[in-house]
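Novice: So here's target.cif, just mmCIF, C-alpha atoms:
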```cif
data_structure
#
loop_
_atom_site.group_PDB
_atom_site.id
_atom_site.type_symbol
_atom_site.label_atom_id
_atom_site.label_comp_id
_atom_site.auth_asym_id
_atom_site.auth_seq_id
_atom_site.Cartn_x
_atom_site.Cartn_y
_atom_site.Cartn_z
ATOM 1 C CA ASP F 17 181.539 -7.618 95.098
ATOM 2 C CA GLY F 18 182.070 -4.945 97.712
ATOM 3 C CA SER F 19 185.844 -5.318 97.482
ATOM 4 C CA TYR F 20 185.727 -3.207 94.357
ATOM 5 C CA TYR F 21 184.584 -0.301 96.363
ATOM 6 C CA LEU F 22 186.824 -0.855 99.441
ATOM 7 C CA ASN F 23 190.184 -1.147 97.650
ATOM 8 C CA TYR F 24 190.680 2.269 96.185
ATOM 9 C CA ASN F 25 194.240 1.619 95.140
ATOM 10 C CA ASN F 26 193.336 -1.344 92.969
ATOM 11 C CA LEU F 27 192.600 0.329 89.626
ATOM 12 C CA ASN F 28 191.485 -2.948 88.126
ATOM 13 C CA ASN F 29 188.606 -3.170 90.517
ATOM 14 C CA LYS F 30 186.077 -1.055 88.626
ATOM 15 C CA PRO F 31 182.350 -1.847 88.024
ATOM 16 C CA THR F 32 181.018 -2.794 84.647
ATOM 17 C CA ILE F 33 178.904 -0.003 83.248
ATOM 18 C CA PRO F 34 176.046 -1.317 81.000
ATOM 19 C CA SER F 35 176.126 0.064 77.498
ATOM 20 C CA THR F 36 172.559 -0.938 76.604
ATOM 21 C CA LEU F 37 169.400 -1.906 78.433
ATOM 22 C CA LEU F 38 170.003 -5.429 77.278
ATOM 23 C CA ASN F 39 172.940 -5.568 79.716
ATOM 24 C CA LEU F 40 170.318 -5.266 82.493
ATOM 25 C CA ASN F 41 168.754 -8.547 81.431
ATOM 26 C CA ILE F 42 165.781 -6.755 79.853
ATOM 27 C CA SER F 43 164.534 -8.333 76.649
ATOM 28 C CA ASP F 44 164.469 -5.956 73.716
ATOM 29 C CA GLY F 45 161.160 -4.791 72.333
ATOM 30 C CA THR F 46 160.063 -3.644 68.862
ATOM 31 C CA SER F 47 160.355 -0.270 67.236
ATOM 32 C CA GLY F 48 158.077 2.326 68.791
ATOM 33 C CA GLN F 49 157.573 0.487 72.105
ATOM 34 C CA VAL F 50 158.324 2.084 75.467
ATOM 35 C CA LEU F 51 159.825 0.694 78.657
ATOM 36 C CA LYS F 52 157.295 0.030 81.374
ATOM 37 C CA THR F 53 157.808 -0.884 85.038
ATOM 38 C CA ASN F 54 155.394 -2.671 87.286
ATOM 39 C CA GLY F 55 156.753 -0.789 90.323
ATOM 40 C CA ASN F 56 158.421 -3.887 91.805
ATOM 41 C CA GLY F 57 161.667 -3.950 89.829
ATOM 42 C CA THR F 58 160.351 -5.636 86.738
ATOM 43 C CA PHE F 59 160.720 -3.838 83.410
ATOM 44 C CA GLU F 60 159.320 -4.675 80.014
ATOM 45 C CA PHE F 61 158.755 -3.062 76.661
ATOM 46 C CA THR F 62 155.117 -2.357 75.793
ATOM 47 C CA THR F 63 153.132 -0.756 72.945
ATOM 48 C CA VAL F 64 151.463 2.592 73.697
ATOM 49 C CA SER F 65 147.821 2.910 72.510
ATOM 50 C CA ALA F 66 147.214 4.954 69.361
ATOM 51 C CA GLY F 67 145.432 7.713 71.355
ATOM 52 C CA GLY F 68 148.491 9.849 71.347
ATOM 53 C CA ASN F 69 148.239 10.196 67.566
ATOM 54 C CA GLN F 70 144.491 10.918 67.203
ATOM 55 C CA ASN F 71 142.878 14.360 66.743
ATOM 56 C CA VAL F 72 141.458 15.579 70.064
ATOM 57 C CA PHE F 73 140.377 18.875 71.583
ATOM 58 C CA ASN F 74 142.564 20.166 74.331
ATOM 59 C CA THR F 75 140.192 23.058 75.187
ATOM 60 C CA VAL F 76 136.373 23.164 75.104
ATOM 61 C CA ASP F 77 134.491 26.501 75.106
ATOM 62 C CA GLY F 78 130.888 27.042 76.228
ATOM 63 C CA ASP F 79 128.491 29.985 75.882
ATOM 64 C CA THR F 80 130.104 31.083 79.115
ATOM 65 C CA GLY F 81 133.394 29.647 80.359
ATOM 66 C CA THR F 82 136.212 27.452 79.016
ATOM 67 C CA THR F 83 137.651 24.142 80.237
ATOM 68 C CA THR F 84 141.060 22.670 79.445
ATOM 69 C CA ALA F 85 142.114 19.024 79.729
ATOM 70 C CA ASN F 86 144.803 19.025 82.437
ATOM 71 C CA SER F 87 145.733 15.346 82.266
ATOM 72 C CA THR F 88 145.757 12.556 79.718
ATOM 73 C CA THR F 89 142.853 10.941 81.571
ATOM 74 C CA ASP F 90 140.829 14.079 82.284
ATOM 75 C CA THR F 91 137.010 13.781 82.080
ATOM 76 C CA LEU F 92 134.698 16.288 80.366
ATOM 77 C CA THR F 93 131.206 16.353 81.925
ATOM 78 C CA ILE F 94 128.224 17.356 79.731
ATOM 79 C CA ALA F 95 125.679 18.695 82.233
ATOM 80 C CA GLY F 96 122.079 19.697 81.514
ATOM 81 C CA GLY F 97 120.847 23.160 82.474
ATOM 82 C CA ALA F 98 117.288 24.170 83.375
ATOM 83 C CA ASN F 99 114.806 21.688 81.848
ATOM 84 C CA ILE F 100 117.659 19.892 80.022
ATOM 85 C CA SER F 101 118.796 16.311 80.667
ATOM 86 C CA THR F 102 121.797 14.418 79.271
ATOM 87 C CA GLN F 103 122.261 10.684 78.858
ATOM 88 C CA ILE F 104 125.154 8.571 77.541
ATOM 89 C CA SER F 105 124.574 5.193 75.949
ATOM 90 C CA GLY F 106 127.599 3.621 74.302
ATOM 91 C CA ASP F 107 129.232 6.301 72.142
ATOM 92 C CA THR F 108 126.054 8.444 71.991
ATOM 93 C CA VAL F 109 125.272 11.496 74.117
ATOM 94 C CA THR F 110 121.538 12.371 74.126
ATOM 95 C CA ILE F 111 120.491 15.895 75.175
ATOM 96 C CA ALA F 112 116.738 16.206 75.856
ATOM 97 C CA TYR F 113 114.336 18.995 76.833
ATOM 98 C CA THR F 114 112.397 18.051 79.970
ATOM 99 C CA GLY F 115 110.243 21.174 80.440
ATOM 100 C CA SER F 116 106.594 21.739 79.526
ATOM 101 C CA PRO F 117 105.871 22.151 75.786
ATOM 102 C CA ASN F 118 103.823 25.230 76.709
ATOM 103 C CA SER F 119 106.521 26.878 78.804
ATOM 104 C CA GLY F 120 107.382 29.380 76.086
ATOM 105 C CA GLU F 121 110.717 30.191 74.489
ATOM 106 C CA GLU F 122 112.506 33.420 75.255
ATOM 107 C CA ASN F 123 113.848 33.863 71.715
ATOM 108 C CA GLN F 124 110.521 33.745 69.882
ATOM 109 C CA ASN F 125 108.482 36.818 68.905
ATOM 110 C CA ALA F 126 105.684 37.182 71.432
ATOM 111 C CA PHE F 127 103.494 39.848 72.975
ATOM 112 C CA THR F 128 104.293 40.715 76.563
ATOM 113 C CA ASN F 129 101.338 43.077 76.875
ATOM 114 C CA VAL F 130 97.897 42.849 75.255
ATOM 115 C CA ALA F 131 95.935 46.099 75.265
ATOM 116 C CA SER F 132 92.168 46.467 74.838
ATOM 117 C CA ASP F 133 89.748 49.390 74.609
ATOM 118 C CA SER F 134 89.942 49.446 78.384
ATOM 119 C CA GLY F 135 92.743 47.764 80.295
ATOM 120 C CA THR F 136 95.934 45.869 79.495
ATOM 121 C CA ALA F 137 96.832 42.240 80.185
ATOM 122 C CA VAL F 138 100.467 41.599 81.154
ATOM 123 C CA ALA F 139 102.147 38.198 80.838
ATOM 124 C CA ASP F 140 103.686 37.703 84.286
ATOM 125 C CA SER F 141 105.199 34.267 83.673
ATOM 126 C CA LYS F 142 106.480 32.151 80.778
ATOM 127 C CA THR F 143 103.416 29.928 81.116
ATOM 128 C CA ASP F 144 100.828 32.665 81.614
ATOM 129 C CA THR F 145 97.443 32.221 79.898
ATOM 130 C CA LEU F 146 95.506 34.963 78.104
ATOM 131 C CA THR F 147 91.746 34.393 78.321
ATOM 132 C CA ILE F 148 89.535 35.760 75.534
ATOM 133 C CA ALA F 149 86.174 36.226 77.236
ATOM 134 C CA GLY F 150 82.906 37.131 75.554
ATOM 135 C CA GLY F 151 81.031 40.192 76.758
ATOM 136 C CA THR F 152 77.300 40.823 76.509
ATOM 137 C CA ASN F 153 75.815 38.597 73.777
ATOM 138 C CA ILE F 154 79.322 37.515 72.685
ATOM 139 C CA SER F 155 80.603 33.939 72.885
ATOM 140 C CA THR F 156 84.082 32.597 72.125
ATOM 141 C CA ALA F 157 85.206 29.126 71.099
ATOM 142 C CA VAL F 158 88.674 27.648 70.512
ATOM 143 C CA ALA F 159 89.217 24.732 68.120
ATOM 144 C CA GLY F 160 92.822 23.834 67.395
ATOM 145 C CA ASP F 161 94.673 27.072 66.602
ATOM 146 C CA THR F 162 91.495 29.026 65.774
ATOM 147 C CA VAL F 163 89.589 31.378 68.079
ATOM 148 C CA THR F 164 86.017 32.046 66.910
ATOM 149 C CA ILE F 165 84.103 35.034 68.284
ATOM 150 C CA ASN F 166 80.335 34.860 67.766
ATOM 151 C CA TYR F 167 77.472 37.247 68.385
ATOM 152 C CA SER F 168 74.864 35.340 70.368
ATOM 153 C CA GLY F 169 72.244 38.061 70.799
ATOM 154 C CA THR F 170 69.364 39.182 68.586
ATOM 155 C CA ASN F 171 68.642 42.553 67.004
ATOM 156 C CA THR F 172 65.250 44.001 66.170
ATOM 157 C CA LEU F 173 64.170 47.364 64.818
ATOM 158 C CA ALA F 174 62.465 48.051 68.115
ATOM 159 C CA THR F 175 65.808 47.852 69.961
ATOM 160 C CA LEU F 176 67.458 50.497 67.768
ATOM 161 C CA THR F 177 67.708 54.001 69.167
ATOM 162 C CA ASP F 178 66.502 55.775 66.014
ATOM 163 C CA THR F 179 63.289 53.837 65.357
ATOM 164 C CA ASP F 180 59.788 54.279 66.719
ATOM 165 C CA THR F 181 57.703 51.192 66.038
ATOM 166 C CA THR F 182 54.947 52.052 68.488
ATOM 167 C CA GLY F 183 51.674 50.968 66.883
ATOM 168 C CA ALA F 184 53.417 49.758 63.730
ATOM 169 C CA ILE F 185 51.456 47.240 61.661
ATOM 170 C CA ALA F 186 53.134 44.159 60.221
ATOM 171 C CA GLY F 187 54.086 44.704 56.591
ATOM 172 C CA ASN F 188 53.991 48.513 56.749
ATOM 173 C CA VAL F 189 56.862 50.612 55.412
ATOM 174 C CA LEU F 190 59.030 52.731 57.723
ATOM 175 C CA VAL F 191 59.909 56.284 56.661
ATOM 176 C CA TYR F 192 62.397 58.712 58.181
ATOM 177 C CA ASN F 193 60.756 61.807 59.638
ATOM 178 C CA GLY F 194 63.977 63.714 60.215
ATOM 179 C CA SER F 195 64.815 62.255 63.602
ATOM 180 C CA SER F 196 63.708 58.621 63.564
ATOM 181 C CA TRP F 197 62.127 55.917 61.436
ATOM 182 C CA VAL F 198 58.353 55.633 61.897
ATOM 183 C CA ASP F 199 55.482 53.592 60.467
ATOM 184 C CA HIS F 200 54.345 55.153 57.186
ATOM 185 C CA GLY F 201 50.969 53.442 57.380
ATOM 186 C CA GLN F 202 51.345 51.786 53.978
ATOM 187 C CA THR F 203 52.590 48.409 52.864
ATOM 188 C CA VAL F 204 55.274 48.054 50.215
ATOM 189 C CA ASP F 205 52.796 46.927 47.552
ATOM 190 C CA GLN F 206 51.003 50.290 47.770
ATOM 191 C CA MET F 207 54.222 52.126 46.929
ATOM 192 C CA ALA F 208 55.664 49.791 44.295
ATOM 193 C CA TYR F 209 54.604 51.753 41.179
ATOM 194 C CA PRO F 210 53.225 55.229 40.513
ATOM 195 C CA ALA F 211 49.526 55.180 39.629
ATOM 196 C CA ILE F 212 47.083 57.883 38.539
ATOM 197 C CA THR F 213 44.803 56.624 41.316
ATOM 198 C CA THR F 214 44.499 53.702 43.733
ATOM 199 C CA LEU F 215 41.075 52.149 44.265
ATOM 200 C CA THR F 216 40.603 50.115 47.454
ATOM 201 C CA VAL F 217 38.527 47.063 46.508
ATOM 202 C CA THR F 218 36.386 45.174 49.050
ATOM 203 C CA ALA F 219 33.803 42.404 48.668
ATOM 204 C CA ASP F 220 30.243 42.942 49.932
ATOM 205 C CA SER F 221 29.706 39.291 50.751
ATOM 206 C CA PHE F 222 28.579 37.642 47.470
ATOM 207 C CA ASN F 223 26.653 40.697 46.342
ATOM 208 C CA GLY F 224 29.422 42.528 44.528
ATOM 209 C CA TYR F 225 32.640 44.519 44.724
ATOM 210 C CA LYS F 226 32.883 47.991 46.243
ATOM 211 C CA PHE F 227 35.472 50.650 45.367
ATOM 212 C CA ASP F 228 36.222 53.300 47.999
ATOM 213 C CA GLN F 229 36.065 56.235 45.594
ATOM 214 C CA TYR F 230 32.651 55.086 44.333
ATOM 215 C CA GLY F 231 30.901 54.997 47.679
ATOM 216 C CA ASN F 232 28.672 52.068 48.683
ATOM 217 C CA THR F 233 27.610 51.225 45.148
ATOM 218 C CA GLU F 234 28.137 47.563 44.343
ATOM 219 C CA ASP F 235 29.929 46.770 41.072
ATOM 220 C CA PRO F 236 30.004 50.394 39.855
ATOM 221 C CA THR F 237 31.301 51.428 36.431
ATOM 222 C CA ILE F 238 34.792 52.776 36.873
ATOM 223 C CA TYR F 239 36.954 54.809 34.519
ATOM 224 C CA ALA F 240 40.605 54.538 33.513
ATOM 225 C CA LEU F 241 42.863 56.494 31.175
ATOM 226 C CA ALA F 242 44.663 54.863 28.250
ATOM 227 C CA GLY F 243 48.434 55.097 28.710
ATOM 228 C CA ALA F 244 48.141 55.613 32.481
ATOM 229 C CA THR F 245 48.433 53.190 35.406
ATOM 230 C CA ILE F 246 45.493 52.476 37.695
ATOM 231 C CA ALA F 247 45.964 50.512 40.938
ATOM 232 C CA PHE F 248 43.526 48.207 42.724
ATOM 233 C CA LYS F 249 44.292 47.696 46.429
ATOM 234 C CA LEU F 250 42.724 44.272 47.082
ATOM 235 C CA SER F 251 41.588 44.446 50.697
ATOM 236 C CA GLY F 252 40.645 41.099 52.210
ATOM 237 C CA LEU F 253 38.741 39.718 49.242
ATOM 238 C CA GLY F 254 38.911 36.215 50.699
ATOM 239 C CA SER F 255 37.007 33.873 48.373
ATOM 240 C CA HIS F 256 36.561 36.490 45.620
ATOM 241 C CA PRO F 257 39.621 36.397 43.287
ATOM 242 C CA PHE F 258 39.825 39.591 41.196
ATOM 243 C CA LEU F 259 40.115 39.419 37.364
ATOM 244 C CA ILE F 260 40.535 41.970 34.553
ATOM 245 C CA GLN F 261 38.733 40.895 31.365
ATOM 246 C CA THR F 262 37.602 42.082 27.986
ATOM 247 C CA SER F 263 33.945 42.984 27.606
ATOM 248 C CA GLY F 264 33.458 39.516 26.141
ATOM 249 C CA GLY F 265 34.639 37.796 29.333
ATOM 250 C CA SER F 266 38.186 36.778 28.315
ATOM 251 C CA ASN F 267 40.990 37.462 30.736
ATOM 252 C CA TYR F 268 43.059 40.492 29.691
ATOM 253 C CA ASP F 269 46.631 40.170 30.946
ATOM 254 C CA ASN F 270 48.413 42.943 29.064
ATOM 255 C CA GLY F 271 50.000 45.468 31.450
ATOM 256 C CA LEU F 272 49.077 43.632 34.684
ATOM 257 C CA VAL F 273 51.552 43.599 37.608
ATOM 258 C CA HIS F 274 50.586 42.249 41.029
ATOM 259 C CA VAL F 275 52.641 43.079 44.142
ATOM 260 C CA GLU F 276 52.230 41.131 47.381
ATOM 261 C CA THR F 277 52.424 42.910 50.738
ATOM 262 C CA THR F 278 55.827 41.221 51.060
ATOM 263 C CA GLY F 279 57.022 42.869 47.846
ATOM 264 C CA ALA F 280 56.873 39.713 45.689
ATOM 265 C CA GLU F 281 55.731 40.474 42.133
ATOM 266 C CA SER F 282 53.929 38.558 39.390
ATOM 267 C CA THR F 283 52.939 39.724 35.926
ATOM 268 C CA GLY F 284 50.522 38.930 33.107
ATOM 269 C CA THR F 285 48.472 35.779 33.620
ATOM 270 C CA SER F 286 50.134 35.180 37.000
ATOM 271 C CA ALA F 287 48.862 38.552 38.237
ATOM 272 C CA GLN F 288 45.200 37.524 37.769
ATOM 273 C CA GLY F 289 42.929 36.055 40.451
ATOM 274 C CA LYS F 290 44.543 37.684 43.512
ATOM 275 C CA THR F 291 42.716 38.431 46.773
ATOM 276 C CA SER F 292 45.281 40.659 48.547
ATOM 277 C CA GLY F 293 48.155 42.979 47.744
ATOM 278 C CA THR F 294 47.900 45.558 44.960
ATOM 279 C CA LEU F 295 47.105 44.946 41.273
ATOM 280 C CA TYR F 296 48.596 47.543 38.917
ATOM 281 C CA TRP F 297 47.147 47.856 35.440
ATOM 282 C CA LYS F 298 49.418 49.733 33.084
ATOM 283 C CA VAL F 299 46.638 50.453 30.601
ATOM 284 C CA PRO F 300 48.010 50.263 27.050
ATOM 285 C CA ALA F 301 47.837 53.620 25.233
ATOM 286 C CA ASN F 302 46.306 52.029 22.147
ATOM 287 C CA ILE F 303 43.114 50.649 23.706
ATOM 288 C CA SER F 304 39.810 52.267 24.572
ATOM 289 C CA GLY F 305 36.226 51.266 25.192
ATOM 290 C CA ASN F 306 34.724 48.857 27.677
ATOM 291 C CA TYR F 307 36.530 46.205 29.712
ATOM 292 C CA GLN F 308 35.387 44.577 32.925
ATOM 293 C CA TYR F 309 36.398 43.386 36.365
ATOM 294 C CA ARG F 310 34.976 40.105 37.632
ATOM 295 C CA CYS F 311 35.144 37.562 40.479
ATOM 296 C CA SER F 312 36.516 34.266 39.170
ATOM 297 C CA SER F 313 34.338 32.347 41.652
ATOM 298 C CA HIS F 314 31.085 34.295 41.331
ATOM 299 C CA GLY F 315 30.056 35.445 37.882
ATOM 300 C CA ALA F 316 27.463 37.918 39.235
ATOM 301 C CA MET F 317 30.215 39.964 40.889
ATOM 302 C CA GLN F 318 31.339 42.033 37.905
ATOM 303 C CA GLY F 319 31.349 45.575 36.608
ATOM 304 C CA THR F 320 32.471 47.705 33.661
ATOM 305 C CA ILE F 321 35.782 49.512 33.243
ATOM 306 C CA VAL F 322 35.587 52.304 30.681
ATOM 307 C CA ILE F 323 38.920 53.184 29.057
ATOM 308 C CA LYS F 324 39.139 56.776 27.858
ATOM 309 C CA THR F 325 41.838 58.287 25.653
ATOM 310 C CA MET F 326 43.220 61.755 26.294
ATOM 311 C CA SER F 327 41.822 62.949 22.993
ATOM 312 C CA ALA F 328 38.320 61.848 23.997
ATOM 313 C CA ILE F 329 38.306 63.756 27.272
#
```
Please, can you express the file's structure as structure tokens?
Specialist:
Amino acid sequence: DGSYYLNYNNLNNKPTIPSTLLNLNISDGTSGQVLKTNGNGTFEFTTVSAGGNQNVFNTVDGDTGTTTANSTTDTLTIAGGANISTQISGDTVTIAYTGSPNSGEENQNAFTNVASDSGTAVADSKTDTLTIAGGTNISTAVAGDTVTINYSGTNTLATLTDTDTTGAIAGNVLVYNGSSWVDHGQTVDQMAYPAITTLTVTADSFNGYKFDQYGNTEDPTIYALAGATIAFKLSGLGSHPFLIQTSGGSNYDNGLVHVETTGAESTGTSAQGKTSGTLYWKVPANISGNYQYRCSSHGAMQGTIVIKTMSAI
């Protein structure tokens, strides 16, 4: 009633001052609720969500920089950097690496430079590739995490700088002459054991054996010393296997060692009947008298070996 305000002298005309919100025709709420307006003159009590009582971060720090929530509805954005993506699904934030698996990682221990006997390779990008290349007669292969370096060439004595194999015969021994290795002119079997003498034995067809120190005589009587070694160089006997026997025609194996031109050795019975290489007879010191050599294929090819003792000379 506007008359209350127009009649200043009427002290009874005073407005009623509300003592509670209920006097404004607003229904009371429950403990803890707040008064809310819809912006059009309507008020009501409402319950505030529990968010005001939960633990939250007001400030978030990064490796560089800090952000602070400046409103109750502020939004924090999780952004991916180089080669990083972010994705939100429900309550989950997924941070993924999107770069190449071979792009390198700046915090790992790695070589920036690779030096060789001549030259240096420099990694000029995070994805640079170092190539291991084979030189002359060298091949390389990569399997998994393993690099294999192989020699693919061939080496021969003739390619060495300190050998002279000009005119060398297969099987001959090389000796050092003070400046290079040269053909000695002998095979390894001729040098295997020390001998008082070496007789070169050849076959005169089926007629008999010849011994170089006995001239052209076929099946000559030869002499050996008890307790000494005599060597028989069997030179191309072909079909005439060489035997050492007693005077009665039984094979005598004691002290026999045969050496092939390859260096392979056989002794005793196994040393009998050879046609090449060198046969060493370590004549026992306790024998003397007559023994014989004989072709195992041709009985007529035979001769006498006379064993002498030092006391009988």
Novice: Closest to Gln202 in chain F among F:Asn56, F:Asn41, F:Thr75, F:Thr294, using only C-alpha atoms?
Specialist: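 Closest to Gln202 in chain F, using only C-alpha atoms: F:Thr294.
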Novice: Using all atoms listed in the file, which protein or nucleic acid residues come within 9 Å of Met326 in chain F? Drop anything in the same chain fewer than 5 positions from it, and give the result as a PyMOL selection string.
Specialist: chain F and resi 241-243
Novice: Mind giving me the straight-line distance from CA of Phe61 in chain F to CA of Gly45 in chain F in Å, one decimal?
Specialist: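 Taking CA of Phe61 in chain F as the start and CA of Gly45 in chain F as the end point, the length is 5.2 Å.
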Novice: Hey, which of F:Pro257, F:Ser168, F:Gly319, F:Glu276 ends up closest to Phe227 in chain F? Count only C-alpha atoms.
Specialist: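 Among F:Pro257, F:Ser168, F:Gly319, F:Glu276, it is F:Gly319 that comes nearest to Phe227 in chain F.
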Novice: Show me, as AutoDock Vina command-line options, the centre and edge lengths in Å to one decimal of the axis-aligned box that covers every listed atom of range 71-85 of chain F with 5 Å on each side.
Specialist:
```
--center_x 135.7 --center_y 22.7 --center_z 73.6 --size_x 24.4 --size_y 26.7 --size_z 23.6
```
Novice: Grab the CA of Gln261 in chain F to CA of Gln229 in chain F distance for me, in Å with one decimal place.
Specialist: 21.1 Å
Novice: If the PyMOL selection byres ((chain F and resi 301) around 8) is run on the structure shown, which residues does it catch, given as a ChimeraX atom specification?
Specialist: /F:242-244,299-300,302-303,325
Novice: Asp235 in chain F: which residues within 6 Å, counting only C-alpha atoms, same-chain residues fewer than 6 positions away excluded, as a list in words?
Specialist: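 Listing them by chain and then by number gives Gly224, Tyr225, Gln318 and Gly319 of chain F.
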Novice: Considering all atoms listed in the file, return as a PDB file with C-alpha atoms, in the frame of the given file whatever protein or nucleic-acid residues lie within 8 Å of His314 in chain F, sequence-local ones (same chain, fewer than 4 positions apart) excluded.
Specialist:
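Saved result, out-v3.pdb, follows:
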```pdb
ATOM      1  CA  PHE F 222      28.579  37.642  47.470  1.00  0.00           C
ATOM      2  CA  HIS F 256      36.561  36.490  45.620  1.00  0.00           C
ATOM      3  CA  ARG F 310      34.976  40.105  37.632  1.00  0.00           C
TER       4      ARG F 310
END
```
Novice: Report, in Å to a single decimal, how far apart CA of Val64 in chain F and CA of Thr83 in chain F are.
Specialist: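 Atom-to-atom, CA of Thr83 in chain F to CA of Val64 in chain F, that is 26.4 Å.
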Novice: Grab range 199-213 of chain F from that structure and dump N, CA and C atoms to a file, as a PDB file, in the first residue's frame.
Specialist:
```
ATOM      1  N   ASP F 199     111.768 -73.764 -51.941  1.00  0.00           N
ATOM      2  CA  ASP F 199     111.663 -75.221 -52.054  1.00  0.00           C
ATOM      3  C   ASP F 199     112.994 -75.860 -51.679  1.00  0.00           C
ATOM      4  N   HIS F 200     112.952 -76.767 -50.695  1.00  0.00           N
ATOM      5  CA  HIS F 200     114.168 -77.443 -50.242  1.00  0.00           C
ATOM      6  C   HIS F 200     114.565 -78.576 -51.170  1.00  0.00           C
ATOM      7  N   GLY F 201     113.629 -79.027 -51.991  1.00  0.00           N
ATOM      8  CA  GLY F 201     113.931 -80.125 -52.909  1.00  0.00           C
ATOM      9  C   GLY F 201     113.710 -81.494 -52.310  1.00  0.00           C
ATOM     10  N   GLN F 202     113.237 -81.567 -51.074  1.00  0.00           N
ATOM     11  CA  GLN F 202     112.978 -82.845 -50.429  1.00  0.00           C
ATOM     12  C   GLN F 202     111.556 -82.856 -49.873  1.00  0.00           C
ATOM     13  N   THR F 203     110.996 -84.068 -49.848  1.00  0.00           N
ATOM     14  CA  THR F 203     109.680 -84.235 -49.249  1.00  0.00           C
ATOM     15  C   THR F 203     109.842 -84.523 -47.764  1.00  0.00           C
ATOM     16  N   VAL F 204     108.755 -84.371 -47.009  1.00  0.00           N
ATOM     17  CA  VAL F 204     108.829 -84.479 -45.566  1.00  0.00           C
ATOM     18  C   VAL F 204     109.266 -85.863 -45.114  1.00  0.00           C
ATOM     19  N   ASP F 205     108.946 -86.897 -45.885  1.00  0.00           N
ATOM     20  CA  ASP F 205     109.331 -88.253 -45.483  1.00  0.00           C
ATOM     21  C   ASP F 205     110.845 -88.425 -45.474  1.00  0.00           C
ATOM     22  N   GLN F 206     111.555 -87.676 -46.322  1.00  0.00           N
ATOM     23  CA  GLN F 206     113.012 -87.802 -46.390  1.00  0.00           C
ATOM     24  C   GLN F 206     113.705 -87.145 -45.203  1.00  0.00           C
ATOM     25  N   MET F 207     112.964 -86.334 -44.459  1.00  0.00           N
ATOM     26  CA  MET F 207     113.552 -85.594 -43.344  1.00  0.00           C
ATOM     27  C   MET F 207     112.965 -86.018 -42.006  1.00  0.00           C
ATOM     28  N   ALA F 208     112.147 -87.065 -41.999  1.00  0.00           N
ATOM     29  CA  ALA F 208     111.415 -87.431 -40.789  1.00  0.00           C
ATOM     30  C   ALA F 208     112.332 -87.921 -39.672  1.00  0.00           C
ATOM     31  N   TYR F 209     113.328 -88.755 -39.999  1.00  0.00           N
ATOM     32  CA  TYR F 209     114.216 -89.328 -38.989  1.00  0.00           C
ATOM     33  C   TYR F 209     115.660 -89.259 -39.481  1.00  0.00           C
ATOM     34  N   PRO F 210     116.602 -89.117 -38.551  1.00  0.00           N
ATOM     35  CA  PRO F 210     118.010 -89.159 -38.962  1.00  0.00           C
ATOM     36  C   PRO F 210     118.410 -90.589 -39.329  1.00  0.00           C
ATOM     37  N   ALA F 211     119.162 -90.725 -40.391  1.00  0.00           N
ATOM     38  CA  ALA F 211     119.607 -92.055 -40.841  1.00  0.00           C
ATOM     39  C   ALA F 211     121.080 -91.983 -41.215  1.00  0.00           C
ATOM     40  N   ILE F 212     121.790 -93.109 -41.001  1.00  0.00           N
ATOM     41  CA  ILE F 212     123.213 -93.152 -41.337  1.00  0.00           C
ATOM     42  C   ILE F 212     123.425 -93.005 -42.834  1.00  0.00           C
ATOM     43  N   THR F 213     122.427 -93.458 -43.615  1.00  0.00           N
ATOM     44  CA  THR F 213     122.432 -93.253 -45.062  1.00  0.00           C
ATOM     45  C   THR F 213     121.021 -93.467 -45.586  1.00  0.00           C
TER      46      THR F 213
END
```
